[in-house]
$ cat query.txt   # compact mmCIF, C-alpha atoms
# COMPACT_ATOMS: atom_id res chain seq x y z
CA MET L 1273 0.76 -41.86 16.49
CA ASN L 1274 1.45 -40.94 12.85
CA LYS L 1275 4.49 -43.21 12.71
CA GLU L 1276 2.45 -46.16 14.01
CA GLU L 1277 -0.20 -45.52 11.35
CA LEU L 1278 2.54 -45.40 8.74
CA MET L 1279 3.83 -48.80 9.85
CA LYS L 1280 0.32 -50.30 9.66
CA ILE L 1281 -0.13 -49.00 6.12
CA ASP L 1282 3.25 -50.48 5.09
CA ILE L 1283 2.12 -53.87 6.43
CA GLN L 1284 -1.17 -53.59 4.50
CA LEU L 1285 0.70 -52.65 1.32
CA ARG L 1286 3.04 -55.66 1.60
CA SER L 1287 0.09 -57.97 2.32
CA LEU L 1288 -1.80 -56.66 -0.70
CA SER L 1289 1.26 -57.06 -2.91
CA GLU L 1290 1.74 -60.69 -1.81
CA LYS L 1291 -1.93 -61.49 -2.54
CA VAL L 1292 -1.55 -60.11 -6.08
CA LYS L 1293 1.65 -62.12 -6.65
CA SER L 1294 0.05 -65.33 -5.40
CA GLY L 1295 -2.99 -64.83 -7.61
CA GLU L 1296 -5.31 -64.66 -4.62
CA ILE L 1297 -6.73 -61.42 -6.04
CA LYS L 1298 -6.36 -59.78 -9.44
CA ALA L 1299 -4.21 -56.68 -9.92
CA ASP L 1300 -7.10 -54.56 -11.26
CA GLU L 1301 -9.23 -55.54 -8.27
CA ALA L 1302 -6.46 -54.44 -5.88
CA LYS L 1303 -5.78 -51.14 -7.64
CA ILE L 1304 -8.42 -49.05 -5.81
CA GLU L 1305 -7.32 -50.26 -2.39
CA LEU L 1306 -3.65 -49.84 -3.36
CA ASP L 1307 -4.17 -46.23 -4.49
CA ASN L 1308 -6.10 -45.45 -1.31
CA LEU L 1309 -3.31 -46.84 0.92
CA LYS L 1310 -0.65 -44.91 -1.01
CA LEU L 1311 -2.66 -41.69 -0.60
CA GLN L 1312 -2.99 -42.27 3.15
CA LYS L 1313 0.74 -42.95 3.42
CA ARG L 1314 1.60 -39.74 1.53
CA GLU L 1315 -0.66 -37.62 3.74
CA ILE L 1316 0.77 -39.08 6.95
CA SER L 1317 4.34 -38.63 5.67
CA GLN L 1318 3.64 -34.96 4.93
CA LYS L 1319 2.25 -34.43 8.43
CA ILE L 1320 5.35 -35.99 9.97
CA ALA L 1321 7.63 -33.82 7.80
CA GLN L 1322 5.77 -30.63 8.70
CA ALA L 1323 5.79 -31.47 12.40
CA ASN L 1324 9.56 -31.94 12.39
CA ALA L 1325 10.38 -28.98 10.14
CA PRO L 1326 11.58 -25.72 11.83
CA VAL L 1327 10.07 -23.68 8.97
CA GLU L 1328 6.96 -24.40 6.92
CA SER L 1329 7.80 -26.27 3.74
CA GLU L 1330 6.01 -23.65 1.62
CA ASN L 1331 8.18 -20.89 3.10
CA ARG L 1332 11.32 -22.93 2.47
CA ASN L 1333 10.29 -23.52 -1.12
CA THR L 1334 9.60 -19.83 -1.72
CA MET L 1335 12.89 -18.77 -0.13
CA GLU L 1336 14.71 -21.36 -2.23
CA ASP L 1337 12.98 -20.01 -5.33
CA ILE L 1338 14.17 -16.50 -4.47
CA ARG L 1339 17.73 -17.75 -3.96
CA LYS L 1340 17.69 -19.62 -7.26
CA ALA L 1341 16.14 -16.65 -9.03
CA MET L 1342 18.96 -14.42 -7.77
CA ILE L 1343 21.53 -16.83 -9.15
CA GLU L 1344 19.71 -17.57 -12.42
CA LYS L 1345 18.69 -13.93 -12.99
CA ARG L 1346 14.98 -14.79 -13.21
CA ALA L 1347 12.22 -12.29 -12.46
CA ILE L 1348 10.06 -13.32 -9.51
CA THR L 1349 6.78 -12.11 -8.04
CA LEU L 1350 6.24 -12.27 -4.29
CA ASN L 1351 3.03 -13.61 -2.71
CA GLY L 1352 1.68 -15.65 -5.58
CA THR L 1353 -1.99 -14.92 -4.84
CA GLY L 1354 -2.96 -13.11 -8.02
CA ALA L 1355 -2.02 -9.67 -9.32
CA ILE L 1356 -4.87 -7.68 -7.76
CA ASN L 1357 -4.40 -9.38 -4.38
CA GLN L 1358 -0.70 -8.54 -4.47
CA ILE L 1359 -1.32 -4.87 -5.18
CA LYS L 1360 -3.94 -4.67 -2.42
CA GLU L 1361 -1.43 -6.19 -0.01
CA LEU L 1362 1.08 -3.51 -1.02
CA ALA L 1363 -1.52 -0.77 -0.48
CA LYS L 1364 -2.23 -2.21 2.98
CA GLU L 1365 1.49 -2.25 3.79
CA LEU L 1366 1.96 1.34 2.56
CA SER L 1367 -1.02 2.51 4.63
CA GLN L 1368 0.51 1.11 7.81
CA LYS L 1369 3.81 2.89 7.27
CA LYS L 1370 2.75 6.46 6.38
CA GLU L 1371 -0.30 8.22 7.80
CA VAL L 1372 -1.01 10.20 4.66
CA LEU L 1373 -1.06 6.97 2.61
CA SER L 1374 -3.70 5.51 4.92
CA LEU L 1375 -6.16 8.30 4.02
CA VAL L 1376 -5.98 8.44 0.21
CA LYS L 1377 -8.41 6.54 -2.01
CA TYR L 1378 -6.78 3.62 -3.82
CA PHE L 1379 -7.68 2.53 -7.34
CA TYR L 1380 -6.41 -0.78 -8.70
CA GLY L 1381 -6.02 -1.32 -12.42
CA ALA L 1382 -4.97 -4.38 -14.35
CA ASN L 1383 -3.78 -2.06 -17.09
CA ALA L 1384 -1.38 0.88 -17.17
CA SER L 1385 -4.27 3.35 -17.37
CA THR L 1386 -7.09 3.79 -14.86
CA ASN L 1387 -10.10 6.00 -15.62
CA ILE L 1388 -11.93 7.23 -12.52
CA PRO L 1389 -15.57 8.35 -12.84
CA VAL L 1390 -15.82 11.61 -10.89
CA LEU L 1391 -18.81 13.70 -9.83
CA SER L 1392 -17.36 17.19 -9.82
CA PRO L 1393 -17.84 19.52 -8.09
CA THR L 1394 -20.86 17.65 -6.63
CA LEU L 1395 -24.56 18.36 -6.96
CA ALA L 1396 -25.99 21.82 -6.39
CA THR L 1397 -28.05 22.38 -3.24
CA PRO L 1398 -31.64 21.15 -3.85
CA ALA L 1399 -34.32 23.86 -3.96
CA THR L 1400 -38.10 23.78 -3.49
CA ALA L 1401 -40.47 23.30 -6.41
CA ALA L 1402 -44.21 23.91 -6.71
CA GLU L 1403 -46.60 21.02 -7.33
CA GLY L 1404 -46.59 20.03 -10.99
CA ALA L 1405 -43.66 22.34 -11.79
CA THR L 1406 -42.37 21.97 -15.38
CA THR L 1407 -39.73 24.70 -15.62
CA ILE L 1408 -37.21 23.51 -13.02
CA ALA L 1409 -33.70 24.56 -14.09
CA ALA L 1410 -31.14 21.84 -14.76
CA ASP L 1411 -28.18 21.47 -12.45
CA THR L 1412 -25.30 23.25 -14.18
CA GLN L 1413 -22.90 22.71 -11.29
CA ALA L 1414 -22.50 18.93 -11.29
CA LEU L 1415 -20.63 17.06 -14.00
CA ILE L 1416 -19.91 13.37 -14.45
CA SER L 1417 -16.53 12.90 -16.08
CA ASN L 1418 -13.42 10.73 -16.04
CA LYS L 1419 -10.07 11.55 -14.51
CA SER L 1420 -7.24 9.54 -15.92
CA ILE L 1421 -4.56 8.16 -13.63
CA THR L 1422 -1.77 6.59 -15.65
CA PRO L 1423 0.63 4.69 -13.36
CA HIS L 1424 4.34 5.04 -14.08
CA ALA L 1425 7.22 2.83 -13.04
CA PHE L 1426 8.87 3.55 -9.68
CA VAL L 1427 12.08 1.62 -9.16
CA SER L 1428 14.05 0.64 -6.06
CA ILE L 1429 17.34 -1.26 -6.30
CA LEU L 1430 18.92 -3.28 -3.47
CA PRO L 1431 22.44 -4.72 -3.94
CA VAL L 1432 23.08 -8.10 -2.28
CA SER L 1433 26.66 -9.29 -1.92
CA ALA L 1434 27.73 -12.75 -3.05
CA GLU L 1435 28.68 -13.53 0.56
CA ALA L 1436 25.21 -12.62 1.85
CA LEU L 1437 23.61 -14.68 -0.89
CA THR L 1438 25.81 -17.75 -0.52
CA LEU L 1439 26.69 -17.76 3.16
CA GLY L 1440 23.86 -15.82 4.78
CA THR L 1441 21.00 -17.41 6.68
CA VAL L 1442 18.57 -14.45 6.53
CA ASN L 1443 15.01 -15.35 5.51
CA LEU L 1444 14.89 -13.31 2.31
CA GLU L 1445 11.22 -14.03 1.78
CA THR L 1446 10.41 -12.14 4.99
CA GLU L 1447 12.96 -9.35 4.69
CA LEU L 1448 12.67 -8.25 1.05
CA PRO L 1449 9.01 -7.17 1.07
CA VAL L 1450 9.56 -5.18 4.26
CA ILE L 1451 12.67 -3.46 2.91
CA PHE L 1452 11.01 -2.50 -0.36
CA ALA L 1453 7.74 -1.48 1.34
CA ASP L 1454 9.69 1.00 3.50
CA ALA L 1455 11.39 2.47 0.44
CA PHE L 1456 8.21 2.77 -1.63
CA ALA L 1457 6.23 4.18 1.34
CA ASP L 1458 8.74 7.03 1.67
CA GLY L 1459 8.78 7.68 -2.06
CA PHE L 1460 5.00 7.62 -2.48
CA ALA L 1461 4.34 9.77 0.61
CA LYS L 1462 6.69 12.39 -0.81
CA GLN L 1463 4.93 12.21 -4.19
CA VAL L 1464 1.42 12.49 -2.70
CA ILE L 1465 2.41 15.56 -0.69
CA ASN L 1466 4.94 17.34 -2.88
CA GLY L 1467 4.75 15.88 -6.40
CA ASP L 1468 4.99 18.70 -8.96
CA GLY L 1469 2.78 17.05 -11.59
CA THR L 1470 5.48 17.29 -14.27
CA GLY L 1471 7.01 14.41 -16.19
CA LEU L 1472 6.11 11.17 -14.43
CA ASN L 1473 5.56 12.71 -10.98
CA PHE L 1474 2.31 12.66 -8.99
CA ASN L 1475 0.10 15.76 -8.88
CA GLY L 1476 0.73 16.38 -5.17
CA LEU L 1477 -1.36 18.12 -2.52
CA PHE L 1478 0.72 21.31 -2.62
CA ASN L 1479 0.95 21.58 -6.41
CA ASN L 1480 -0.93 24.55 -7.91
CA VAL L 1481 -3.95 24.50 -5.58
CA THR L 1482 -6.64 26.80 -7.01
CA ASN L 1483 -8.51 27.52 -3.74
CA GLU L 1484 -6.25 29.89 -1.81
CA ILE L 1485 -6.61 31.48 1.62
CA GLU L 1486 -4.11 34.28 2.19
CA CYS L 1487 -2.49 34.84 5.56
CA ALA L 1488 -3.34 38.10 7.28
CA ALA L 1489 0.29 39.23 7.51
CA ALA L 1490 3.69 38.43 6.02
CA GLY L 1491 5.97 35.81 7.55
CA ASN L 1492 5.00 32.60 9.33
CA PRO L 1493 1.21 32.00 9.52
CA LYS L 1494 -0.50 32.91 12.79
CA MET L 1495 -2.98 30.88 14.78
CA ALA L 1496 -5.86 32.91 13.34
CA ASP L 1497 -4.77 31.94 9.81
CA LEU L 1498 -4.81 28.26 10.73
CA VAL L 1499 -8.27 28.60 12.29
CA LYS L 1500 -9.56 30.29 9.13
CA LEU L 1501 -8.15 27.44 7.04
CA ALA L 1502 -9.73 24.79 9.30
CA LEU L 1503 -13.14 26.47 9.12
CA THR L 1504 -13.18 26.13 5.32
CA MET L 1505 -13.58 22.37 5.94
CA LYS L 1506 -16.39 22.75 8.47
CA ASP L 1507 -18.71 20.49 6.44
CA TYR L 1508 -16.13 17.67 6.45
CA THR L 1509 -14.80 17.92 10.01
CA ASP L 1510 -14.89 14.14 10.56
CA GLU L 1511 -12.84 13.49 7.42
CA ALA L 1512 -10.88 16.71 6.95
CA VAL L 1513 -7.15 17.08 7.63
CA ILE L 1514 -4.59 19.85 7.41
CA VAL L 1515 -1.17 18.86 6.11
CA MET L 1516 1.83 21.02 6.99
CA SER L 1517 5.53 21.04 7.79
CA PRO L 1518 6.69 20.74 11.42
CA THR L 1519 8.58 24.00 10.84
CA ILE L 1520 5.36 25.89 10.00
CA TYR L 1521 3.58 24.18 12.90
CA SER L 1522 6.28 25.29 15.36
CA GLY L 1523 6.00 28.86 14.09
CA ILE L 1524 2.24 28.85 14.69
CA LEU L 1525 2.71 27.55 18.24
CA ALA L 1526 5.12 30.42 18.82
CA ASP L 1527 2.36 32.93 18.00
CA SER L 1528 2.17 35.28 21.01
CA THR L 1529 -1.06 37.02 19.97
CA VAL L 1530 -3.23 37.52 23.05
CA GLY L 1531 -6.64 35.88 22.91
CA VAL L 1532 -7.22 33.62 19.90
CA ALA L 1533 -3.75 32.02 19.96
CA GLU L 1534 -3.94 31.15 23.64
CA ILE L 1535 -7.38 29.55 23.27
CA TYR L 1536 -6.36 27.23 20.45
CA LYS L 1537 -2.85 26.27 21.57
CA GLU L 1538 -3.97 23.69 24.11
CA GLU L 1539 -6.19 21.90 21.58
CA LEU L 1540 -3.42 21.96 19.03
CA ILE L 1541 -0.76 20.58 21.36
CA ARG L 1542 -2.95 18.04 23.14
CA ASN L 1543 -4.99 16.64 20.23
CA LYS L 1544 -3.18 17.82 17.09
CA THR L 1545 -6.51 19.31 15.96
CA ILE L 1546 -7.80 22.81 15.26
CA GLU L 1547 -11.59 23.39 15.22
CA GLY L 1548 -11.90 19.61 15.13
CA VAL L 1549 -9.76 19.26 11.98
CA ARG L 1550 -6.82 16.87 12.39
CA ILE L 1551 -3.28 18.13 11.75
CA ILE L 1552 -0.83 15.87 9.88
CA LEU L 1553 2.82 16.89 10.20
CA THR L 1554 5.32 15.75 7.60
CA GLY L 1555 8.80 16.78 6.61
CA TYR L 1556 7.81 16.42 2.95
CA ALA L 1557 5.52 19.48 3.18
CA PRO L 1558 7.18 22.76 2.08
CA SER L 1559 8.25 25.33 4.66
CA VAL L 1560 9.28 28.22 2.39
CA LEU L 1561 7.85 31.56 3.57
CA THR L 1562 8.37 33.71 0.49
CA THR L 1563 5.33 35.68 -0.73
CA GLY L 1564 2.69 33.47 -2.36
CA SER L 1565 4.06 30.18 -1.00
CA THR L 1566 1.56 27.47 -0.01
CA VAL L 1567 2.43 26.41 3.55
CA ALA L 1568 -0.55 24.22 4.51
CA ILE L 1569 -3.27 22.25 2.75
CA ALA L 1570 -6.75 21.59 4.14
CA CYS L 1571 -8.58 18.79 2.36
CA ARG L 1572 -10.58 15.61 2.48
CA MET L 1573 -7.93 12.99 1.65
CA SER L 1574 -10.48 10.57 0.21
CA ASP L 1575 -10.69 13.05 -2.67
CA TYR L 1576 -7.09 12.22 -3.57
CA GLY L 1577 -6.77 9.25 -5.94
CA PHE L 1578 -3.81 6.86 -5.75
CA GLY L 1579 -3.60 4.51 -8.74
CA LEU L 1580 -1.67 1.25 -8.52
CA ALA L 1581 -1.22 -1.05 -11.51
CA SER L 1582 -1.45 -4.76 -10.83
CA GLU L 1583 2.17 -5.73 -11.18
CA ILE L 1584 4.89 -5.96 -8.53
CA THR L 1585 8.12 -7.56 -9.66
CA ILE L 1586 11.50 -8.12 -8.08
CA GLU L 1587 14.18 -8.94 -10.60
CA PRO L 1588 17.74 -10.05 -9.75
CA ILE L 1589 20.37 -8.50 -12.03
CA LYS L 1590 24.01 -9.52 -12.40
CA LYS L 1591 26.80 -7.42 -13.89
CA VAL L 1592 30.05 -8.59 -15.48
CA GLY L 1593 32.92 -8.08 -13.06
CA ASP L 1594 30.54 -7.35 -10.17
CA THR L 1595 30.01 -9.94 -7.44
CA ASN L 1596 26.83 -8.26 -6.19
CA THR L 1597 23.35 -9.30 -7.24
CA TYR L 1598 21.05 -6.31 -7.66
CA PHE L 1599 17.43 -6.74 -6.59
CA GLN L 1600 15.44 -4.36 -8.81
CA SER L 1601 11.88 -3.84 -7.58
CA ILE L 1602 9.31 -2.07 -9.75
CA VAL L 1603 5.88 -0.75 -8.77
CA PHE L 1604 3.59 1.13 -11.17
CA ALA L 1605 1.78 4.04 -9.50
CA ASN L 1606 0.47 7.58 -9.87
CA GLY L 1607 -1.69 9.98 -7.91
CA THR L 1608 -3.79 13.11 -8.39
CA ARG L 1609 -6.43 15.28 -6.73
CA ILE L 1610 -9.88 14.13 -7.83
CA VAL L 1611 -12.28 16.81 -6.55
CA GLU L 1612 -10.32 20.07 -6.73
CA LYS L 1613 -12.89 22.12 -4.82
CA ASN L 1614 -12.19 20.16 -1.61
CA PHE L 1615 -8.53 21.26 -1.46
CA TYR L 1616 -7.62 24.61 0.12
CA GLY L 1617 -4.13 26.10 0.39
CA LEU L 1618 -2.93 28.53 3.04
CA VAL L 1619 -0.73 31.03 1.20
CA THR L 1620 1.81 33.46 2.68
CA LYS L 1621 1.15 37.18 2.25

$ encode --input "query.txt" --output "structure tokens"
Amino acid sequence: MNKEELMKIDIQLRSLSEKVKSGEIKADEAKIELDNLKLQKREISQKIAQANAPVESENRNTMEDIRKAMIEKRAITLNGTGAINQIKELAKELSQKKEVLSLVKYFYGANASTNIPVLSPTLATPATAAEGATTIAADTQALISNKSITPHAFVSILPVSAEALTLGTVNLETELPVIFADAFADGFAKQVINGDGTGLNFNGLFNNVTNEIECAAAGNPKMADLVKLALTMKDYTDEAVIVMSPTIYSGILADSTVGVAEIYKEELIRNKTIEGVRIILTGYAPSVLTTGSTVAIACRMSDYGFGLASEITIEPIKKVGDTNTYFQSIVFANGTRIVEKNFYGLVTK
């Protein structure tokens, strides 16, 4: 049908051209109709091209731009939908790959520094007051302040051989974001959980937690210790989680204490919960059992801030004497605990 319409338009264009040449109508009078026919022809031609193309033309253009950028050593930005949209797409991708990254609170900043207004450590419990009272004490517990999250550069480099670039048929547009998202998800999950807060590292969940709950005995925590930790989050049961290493978790399941351990084991194994608090197991959590070591964290993950700056770049780099092209991807990020009082650490005796 589109081809037939195209033929009709060609006939109309030739007829209009002949009328102008013969002087039957003036050129300026024919201009509007001529422009309209040309526009219709262009739209129909595009529809025909898209229908016959195995890949959308936009995808082909983007992939071609990536290939050219690799050769010309230009920096490129994927998903040209605006900086903030790009960073939100990355956050969505990270959340799908690592459970802990799906629970943190994301902050997006167009600049390298993001100030977060924080109510800490939340309002005091309201008390009664007599009618007309004038001497009600001010709340000395709550404080409005800013926490600064300054994103730092995290870099991932992927070498691509000349053969893969020149002879390969892989859709780079599809593959590159997935490859880099996997790498950054691993790196950021490790930082959120175990960042030591020094240098350019995140202030992780296990780093210098001030609220400590000591285990009842030395060695691996017992079931009773885990229950005690879970109960500290009783007011946030729907949102609370406990983060720990699979090694520590296995040791708790091996607890042979009669009574309390037996009651809680089924819930723990079946639902990965304890007193309604969800357990998140990750190999990034520490499993050291020396005295004073933090082996589990109970918290409300929405009180952990993850800052992402609005720039995601992938830059191809060439080296003299090296046939590889190096894809260097940079993401600016940082993370920290926002409300310290909602983080509790289980510490070995």

$ residues_around --input "query.txt" --residues "region 1431-1441 of chain L" --least-positions-apart "2" --cutoff "7 Å" --atoms "all atoms listed in the file" --output "list in words"
Ile1429, Asn1443, Thr1595, Asn1596, Thr1597, Tyr1598 and Phe1599 of chain L

$ residues_around --input "query.txt" --residues "Pro1518 (chain L)" --least-positions-apart "3" --cutoff "8 Å" --atoms "only C-alpha atoms" --output "NGL selection string"
:L and (1521-1522 or 1553-1555)

$ residues_around --input "query.txt" --residues "Asn1614 (chain L)" --least-positions-apart "5" --cutoff "9 Å" --atoms "only C-alpha atoms" --output "PDB file with C-alpha atoms, in the frame of the given file"
ATOM      1  CA  PRO L1393     -17.840  19.520  -8.090  1.00  0.00           C
ATOM      2  CA  ASN L1483      -8.510  27.520  -3.740  1.00  0.00           C
ATOM      3  CA  MET L1505     -13.580  22.370   5.940  1.00  0.00           C
ATOM      4  CA  ALA L1570      -6.750  21.590   4.140  1.00  0.00           C
ATOM      5  CA  CYS L1571      -8.580  18.790   2.360  1.00  0.00           C
ATOM      6  CA  ARG L1572     -10.580  15.610   2.480  1.00  0.00           C
ATOM      7  CA  MET L1573      -7.930  12.990   1.650  1.00  0.00           C
ATOM      8  CA  ASP L1575     -10.690  13.050  -2.670  1.00  0.00           C
TER       9      ASP L1575
END

$ closest_residue --input "query.txt" --among "L:Val1481, L:Leu1278, L:Val1567, L:Leu1362" --to "Lys1319 (chain L)" --atoms "only C-alpha atoms"
L:Leu1278

$ residues_around --input "query.txt" --residues "Ser1428 (chain L)" --least-positions-apart "3" --cutoff "8 Å" --atoms "all atoms listed in the file" --output "list in words"
Phe1452, Ala1455, Phe1456, Gln1600, Ser1601 and Ile1602 of chain L

$ write_last_selection --input "query.txt" --atoms "C-alpha atoms" --output "PDB file, in the frame of the given file"
ATOM      1  CA  PHE L1452      11.010  -2.500  -0.360  1.00  0.00           C
ATOM      2  CA  ALA L1455      11.390   2.470   0.440  1.00  0.00           C
ATOM      3  CA  PHE L1456       8.210   2.770  -1.630  1.00  0.00           C
ATOM      4  CA  GLN L1600      15.440  -4.360  -8.810  1.00  0.00           C
ATOM      5  CA  SER L1601      11.880  -3.840  -7.580  1.00  0.00           C
ATOM      6  CA  ILE L1602       9.310  -2.070  -9.750  1.00  0.00           C
TER       7      ILE L1602
END

$ closest_residue --input "query.txt" --among "L:Ile1546, L:Ile1535, L:Leu1285, L:Ile1520" --to "Leu1503 (chain L)" --atoms "only C-alpha atoms"
L:Ile1546

$ closest_residue --input "query.txt" --among "L:Ser1317, L:Val1464, L:Thr1519, L:Val1530" --to "Lys1377 (chain L)" --atoms "only C-alpha atoms"
L:Val1464
